[in-house]
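Have a look at start-v8.txt below; it lists compact mmCIF, C-alpha atoms.
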# COMPACT_ATOMS: atom_id res chain seq x y z
CA MET E 17 -8.95 22.24 -44.60
CA ILE E 18 -9.08 19.63 -41.84
CA ALA E 19 -10.32 20.74 -38.42
CA SER E 20 -8.80 19.51 -35.21
CA ALA E 21 -10.80 17.44 -32.71
CA ALA E 22 -10.69 16.87 -28.96
CA VAL E 23 -8.73 13.85 -27.75
CA ASN E 24 -11.04 10.92 -27.07
CA PRO E 25 -10.44 7.16 -26.77
CA GLY E 26 -10.65 5.25 -30.03
CA PHE E 27 -10.38 6.85 -33.45
CA SER E 28 -11.35 10.25 -34.80
CA PHE E 29 -12.54 10.55 -38.40
CA TYR E 30 -12.05 13.77 -40.32
CA ARG E 31 -14.26 14.54 -43.28
CA PRO E 32 -12.98 17.06 -45.85
CA ARG E 33 -14.97 20.22 -46.41
CA LEU E 34 -16.56 20.39 -49.87
CA PRO E 35 -15.47 23.28 -52.10
CA SER E 36 -17.81 26.25 -52.29
CA GLY E 37 -20.61 25.75 -54.82
CA SER E 38 -20.25 21.96 -54.99
CA SER E 39 -23.24 19.69 -54.46
CA CYS E 40 -23.86 16.03 -53.63
CA THR E 41 -25.12 13.97 -56.57
CA PRO E 42 -26.20 10.33 -56.67
CA ILE E 43 -23.55 7.80 -57.73
CA SER E 44 -24.96 6.09 -60.77
CA SER E 45 -22.56 3.21 -61.43
CA PRO E 46 -20.20 0.80 -59.62
CA ALA E 47 -17.23 2.36 -61.41
CA ALA E 48 -18.22 5.81 -60.23
CA ALA E 49 -18.67 4.49 -56.69
CA ALA E 50 -15.19 2.95 -56.74
CA ALA E 51 -13.67 6.18 -58.02
CA PHE E 52 -15.45 8.16 -55.32
CA SER E 53 -14.23 5.72 -52.65
CA ARG E 54 -10.59 6.08 -53.80
CA SER E 55 -10.90 9.84 -53.81
CA ALA E 56 -12.49 9.93 -50.37
CA SER E 57 -9.85 7.61 -48.91
CA ARG E 58 -7.17 10.11 -49.89
CA CYS E 59 -9.03 12.92 -48.14
CA VAL E 60 -10.05 11.16 -44.91
CA ARG E 61 -7.49 10.92 -42.15
CA VAL E 62 -7.75 8.42 -39.30
CA ARG E 63 -5.89 9.61 -36.29
CA SER E 64 -5.18 7.33 -33.35
CA ALA E 65 -6.19 9.07 -30.15
CA VAL E 66 -4.34 9.07 -26.86
CA THR E 67 -5.88 6.44 -24.62
CA LYS E 68 -5.52 6.06 -20.89
CA PRO E 69 -4.06 2.77 -19.62
CA ALA E 70 -6.31 0.35 -17.74
CA LYS E 71 -7.09 1.25 -14.12
CA SER E 72 -4.56 -0.07 -11.59
CA PRO E 73 -5.41 -1.26 -8.04
CA ALA E 74 -4.15 2.06 -6.63
CA GLU E 75 -6.74 3.88 -8.78
CA GLU E 76 -9.70 1.96 -7.39
CA ASP E 77 -12.45 4.04 -5.82
CA TRP E 78 -11.64 5.16 -2.28
CA LYS E 79 -14.83 3.47 -1.06
CA ILE E 80 -13.50 0.07 -2.23
CA LYS E 81 -10.10 0.71 -0.65
CA ARG E 82 -11.61 1.83 2.65
CA GLU E 83 -13.86 -1.26 2.86
CA LEU E 84 -10.89 -3.60 2.45
CA LEU E 85 -8.76 -1.65 4.93
CA LEU E 86 -11.52 -1.94 7.53
CA GLN E 87 -12.10 -5.60 6.68
CA LYS E 88 -8.38 -6.35 7.13
CA ARG E 89 -8.42 -4.37 10.40
CA VAL E 90 -5.80 -1.87 9.38
CA ARG E 91 -5.48 0.30 12.47
CA SER E 92 -4.65 4.00 12.52
CA VAL E 93 -2.23 5.18 15.20
CA ASP E 94 -1.17 8.68 16.24
CA VAL E 95 2.46 9.77 16.04
CA LYS E 96 3.34 9.11 19.69
CA GLU E 97 1.85 5.62 19.57
CA ALA E 98 3.77 4.99 16.35
CA LEU E 99 7.04 6.01 18.01
CA ARG E 100 6.33 3.67 20.93
CA LEU E 101 5.51 0.76 18.60
CA GLN E 102 8.69 1.41 16.66
CA LYS E 103 10.84 1.41 19.81
CA GLU E 104 9.16 -1.36 21.80
CA ASN E 105 7.54 -3.71 19.28
CA ASN E 106 9.88 -3.66 16.28
CA PHE E 107 7.45 -1.86 13.98
CA VAL E 108 8.96 -0.43 10.80
CA ILE E 109 7.87 2.97 9.53
CA LEU E 110 7.38 2.76 5.77
CA ASP E 111 7.67 6.30 4.42
CA VAL E 112 5.96 6.44 1.00
CA ARG E 113 6.75 10.09 0.23
CA PRO E 114 9.01 11.08 -2.69
CA GLU E 115 12.69 10.33 -2.14
CA ALA E 116 13.64 14.03 -1.97
CA GLU E 117 11.20 14.64 0.91
CA PHE E 118 12.45 11.54 2.71
CA LYS E 119 16.08 12.70 2.47
CA GLU E 120 15.14 16.10 3.84
CA ALA E 121 13.71 14.64 7.07
CA HIS E 122 12.28 11.32 8.28
CA PRO E 123 11.87 9.28 11.46
CA PRO E 124 15.08 7.41 12.39
CA GLY E 125 15.05 3.86 11.01
CA ALA E 126 12.27 4.57 8.51
CA ILE E 127 12.34 2.86 5.12
CA ASN E 128 11.50 4.84 2.00
CA VAL E 129 9.61 3.39 -0.96
CA GLN E 130 7.83 6.15 -2.88
CA ILE E 131 4.35 5.24 -4.02
CA TYR E 132 4.37 8.02 -6.64
CA ARG E 133 7.33 9.18 -8.74
CA LEU E 134 8.07 11.81 -11.35
CA ILE E 135 6.68 10.86 -14.76
CA LYS E 136 9.48 9.05 -16.58
CA GLU E 137 8.11 7.66 -19.82
CA TRP E 138 7.39 9.55 -23.06
CA THR E 139 4.40 7.69 -24.47
CA ALA E 140 1.55 9.71 -25.99
CA TRP E 141 -0.38 9.33 -22.73
CA ASP E 142 2.58 10.55 -20.63
CA ILE E 143 3.08 13.57 -22.89
CA ALA E 144 -0.63 14.41 -22.54
CA ARG E 145 -0.36 14.19 -18.74
CA ARG E 146 2.73 16.41 -18.69
CA ALA E 147 0.84 18.97 -20.76
CA ALA E 148 -2.10 18.81 -18.35
CA PHE E 149 0.16 19.43 -15.35
CA ALA E 150 1.98 22.25 -17.18
CA PHE E 151 -1.35 23.92 -17.98
CA PHE E 152 -1.79 24.44 -14.22
CA GLY E 153 1.81 25.56 -13.77
CA ILE E 154 2.99 22.22 -12.36
CA PHE E 155 6.15 21.05 -14.08
CA THR E 156 6.87 18.06 -11.83
CA GLY E 157 3.89 15.81 -12.57
CA THR E 158 3.86 12.44 -10.83
CA GLU E 159 2.65 8.95 -11.66
CA GLU E 160 2.10 5.74 -9.73
CA ASN E 161 5.38 3.94 -9.07
CA PRO E 162 5.00 0.60 -10.93
CA GLU E 163 7.83 -0.89 -8.84
CA PHE E 164 6.28 0.00 -5.47
CA MET E 165 5.26 -3.50 -4.36
CA GLN E 166 8.41 -5.09 -5.79
CA SER E 167 10.55 -2.65 -3.79
CA VAL E 168 8.55 -3.20 -0.60
CA GLU E 169 8.80 -6.98 -0.95
CA SER E 170 12.57 -6.74 -1.39
CA LYS E 171 12.86 -4.93 1.97
CA LEU E 172 10.02 -6.28 4.14
CA ASP E 173 8.60 -9.79 4.41
CA LYS E 174 4.88 -10.49 4.63
CA ASP E 175 4.96 -10.88 8.43
CA ALA E 176 6.71 -7.56 9.08
CA LYS E 177 4.95 -5.09 11.37
CA ILE E 178 4.52 -1.94 9.31
CA ILE E 179 3.31 1.61 9.97
CA VAL E 180 2.69 3.34 6.63
CA ALA E 181 3.34 7.08 6.61
CA CYS E 182 3.04 9.98 4.18
CA SER E 183 2.92 13.77 4.62
CA THR E 184 -0.72 14.30 5.61
CA GLY E 185 -1.92 10.87 6.66
CA GLY E 186 -5.55 10.98 5.62
CA THR E 187 -8.13 9.15 7.72
CA MET E 188 -10.58 6.26 7.64
CA LYS E 189 -12.70 7.86 10.36
CA PRO E 190 -16.05 9.23 9.18
CA SER E 191 -17.04 12.80 9.99
CA GLN E 192 -19.93 15.08 9.11
CA SER E 193 -17.97 16.69 6.25
CA LEU E 194 -16.15 13.49 5.25
CA PRO E 195 -18.54 10.56 5.79
CA GLU E 196 -16.05 8.10 4.27
CA GLY E 197 -12.88 9.65 5.67
CA LEU E 198 -10.14 11.04 3.44
CA GLN E 199 -7.83 9.14 1.10
CA SER E 200 -4.05 9.72 1.22
CA ARG E 201 -0.86 8.24 -0.21
CA SER E 202 -0.26 6.23 2.96
CA LEU E 203 -3.78 4.75 2.88
CA ILE E 204 -3.37 3.84 -0.80
CA ALA E 205 -0.07 2.15 0.11
CA ALA E 206 -1.69 0.32 3.03
CA TYR E 207 -4.40 -0.91 0.64
CA LEU E 208 -1.77 -2.27 -1.77
CA LEU E 209 0.06 -3.98 1.09
CA VAL E 210 -2.97 -5.87 2.42
CA LEU E 211 -4.04 -6.62 -1.14
CA ASN E 212 -0.67 -8.36 -1.59
CA GLY E 213 -0.77 -10.43 1.59
CA TYR E 214 0.81 -8.21 4.27
CA LYS E 215 -0.83 -9.01 7.60
CA ASN E 216 0.39 -6.42 10.12
CA VAL E 217 -0.28 -3.05 8.53
CA PHE E 218 -0.90 0.12 10.52
CA HIS E 219 -1.45 3.66 9.29
CA LEU E 220 0.03 6.92 10.65
CA GLU E 221 -2.84 9.26 11.50
CA GLY E 222 -1.89 12.90 10.97
CA GLY E 223 1.07 11.95 8.81
CA LEU E 224 4.69 13.00 9.13
CA TYR E 225 3.65 16.63 9.18
CA LYS E 226 2.29 15.99 12.67
CA TRP E 227 5.33 13.87 13.60
CA PHE E 228 7.67 16.78 12.90
CA LYS E 229 5.29 19.31 14.44
CA GLU E 230 5.26 17.32 17.69
CA GLY E 231 9.05 17.47 17.76
CA LEU E 232 9.52 13.70 17.59
CA PRO E 233 12.93 12.31 16.54
CA ALA E 234 13.93 13.01 12.96
CA GLU E 235 17.03 12.74 10.84
CA ALA E 236 18.15 13.81 7.38
CA GLU E 237 20.36 12.23 4.75
CA GLU E 238 23.35 14.21 3.60
CA GLU E 239 23.82 14.69 -0.12
Spit out the file's structure as structure tokens when you get a sec.
Amino acid sequence: MIASAAVNPGFSFYRPRLPSGSSCTPISSPAAAAAFSRSASRCVRVRSAVTKPAKSPAEEDWKIKRELLLQKRVRSVDVKEALRLQKENNFVILDVRPEAEFKEAHPPGAINVQIYRLIKEWTAWDIARRAAFAFFGIFTGTEENPEFMQSVESKLDKDAKIIVACSTGGTMKPSQSLPEGLQSRSLIAAYLLVLNGYKNVFHLEGGLYKWFKEGLPAEAEEE
């Protein structure tokens, strides 16, 4: 009987269990060794394990992202300042939430490019991730959108003035409980933008949750 093993990168080797009462004896000749090798090869299974793809820029440690955001002088603005910049200085609000959330409500004139999307592929790794989400009762697992930068670049040039927004906003400001701030989808998106040459990137502090809570202008898209 062959026992199952935990999924680990690389290969897993399975050694057959010897029958009860059998014993290991020295192999006395080359012929016997060859025969043993052929027999063992029929009993040993090599199973390719599920391996995680290489880390993408969006998966870099938050500390690395935050350092670059500060170095590139990405500024955080509150919702009222964001509205003023949009009206008076031609800033574009880049909403990186899922498309369904964007359609439900968003600031007028905002552009939607989701930074995460529902898992689409069916590779061994994707199936493993779906199973992991399902274990916790989540049946809509998401993955990084591989077309995020391509979509942004098709809509906004490198000199565009952009305010990146998501639901919660996150923060780069240190606090006693969060000495390095708090990562969010909008901050990850801002990191990718400056990494790819965008020069005028702002970040919406408090996120669109606060925008709607403050009663600022919002619109929805009809189905």
Practice problem: Identify which of the residues E:Phe164, E:Tyr132, E:Phe228, E:Phe218 lies closest to E:Glu97, counting only C-alpha atoms when measuring atom-to-atom distances. | Solution: E:Phe218
Exercise. Please measure the separation of atom CA of E:Gly222 and atom CA of E:Lys71, giving the value in Å to one decimal.
Key: 28.1 Å
Practice problem: Please identify all polymer residues within 12 Å of E:Val108, counting only C-alpha atoms, omitting same-chain residues fewer than 2 positions from it, and present them as a PyMOL selection string. | Solution: chain E and resi 98-106+110-111+123-128+168+171-173+175-181+216-220
Quiz item: Using only C-alpha atoms, which residue out of E:Ala205, E:Val210, E:Leu232, E:Leu84 lies closest to E:Ile131?
Solution: E:Ala205
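Taking atom CA of E:Glu83 and atom CA of E:Tyr207 as endpoints, the distance between them is 9.7 Å.
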Practice problem: Would you work out the distance separating atom CA of E:Leu194 from atom CA of E:Lys229, expressed in Å to one decimal? | Solution: 24.0 Å
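Nearest-residue note for E:Leu208: choosing from E:Met188, E:Ala116, E:Val90, E:Met165, the minimum distance belongs to E:Met165, counting all atoms listed in the file.
Using all atoms listed in the file, the shortest contact distance between E:Lys226 and any of E:Ile80, E:Val112, E:Val93, E:Ala74 is found at E:Val93.
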Do you know which residues are at most 12 Å from E:Lys79 counting only C-alpha atoms, after dropping those on the same chain fewer than 3 positions away, and could you put them as a short mmCIF file (atom, residue, chain, number, x, y, z; two decimals) with C-alpha atoms, in the frame of the given file?
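The result, stored in out.cif:
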data_model
loop_
_atom_site.label_atom_id
_atom_site.label_comp_id
_atom_site.auth_asym_id
_atom_site.auth_seq_id
_atom_site.Cartn_x
_atom_site.Cartn_y
_atom_site.Cartn_z
CA GLU E 75 -6.74 3.88 -8.78
CA GLU E 76 -9.70 1.96 -7.39
CA ARG E 82 -11.61 1.83 2.65
CA GLU E 83 -13.86 -1.26 2.86
CA LEU E 84 -10.89 -3.60 2.45
CA LEU E 85 -8.76 -1.65 4.93
CA LEU E 86 -11.52 -1.94 7.53
CA MET E 188 -10.58 6.26 7.64
CA PRO E 190 -16.05 9.23 9.18
CA LEU E 194 -16.15 13.49 5.25
CA PRO E 195 -18.54 10.56 5.79
CA GLU E 196 -16.05 8.10 4.27
CA GLY E 197 -12.88 9.65 5.67
CA LEU E 198 -10.14 11.04 3.44
CA GLN E 199 -7.83 9.14 1.10
CA LEU E 203 -3.78 4.75 2.88
CA ILE E 204 -3.37 3.84 -0.80
CA TYR E 207 -4.40 -0.91 0.64
#
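Take the candidates E:Glu169, E:Ala121, E:Ser92, E:Ser200 and check each one against E:Trp78 using all atoms listed in the file; the shortest distance goes to E:Ser200.
Between E:Gln130 and the residues E:Glu163, E:Pro233, E:Leu211, E:Ile109, the shortest atom-to-atom distance, using all atoms listed in the file, involves E:Glu163.
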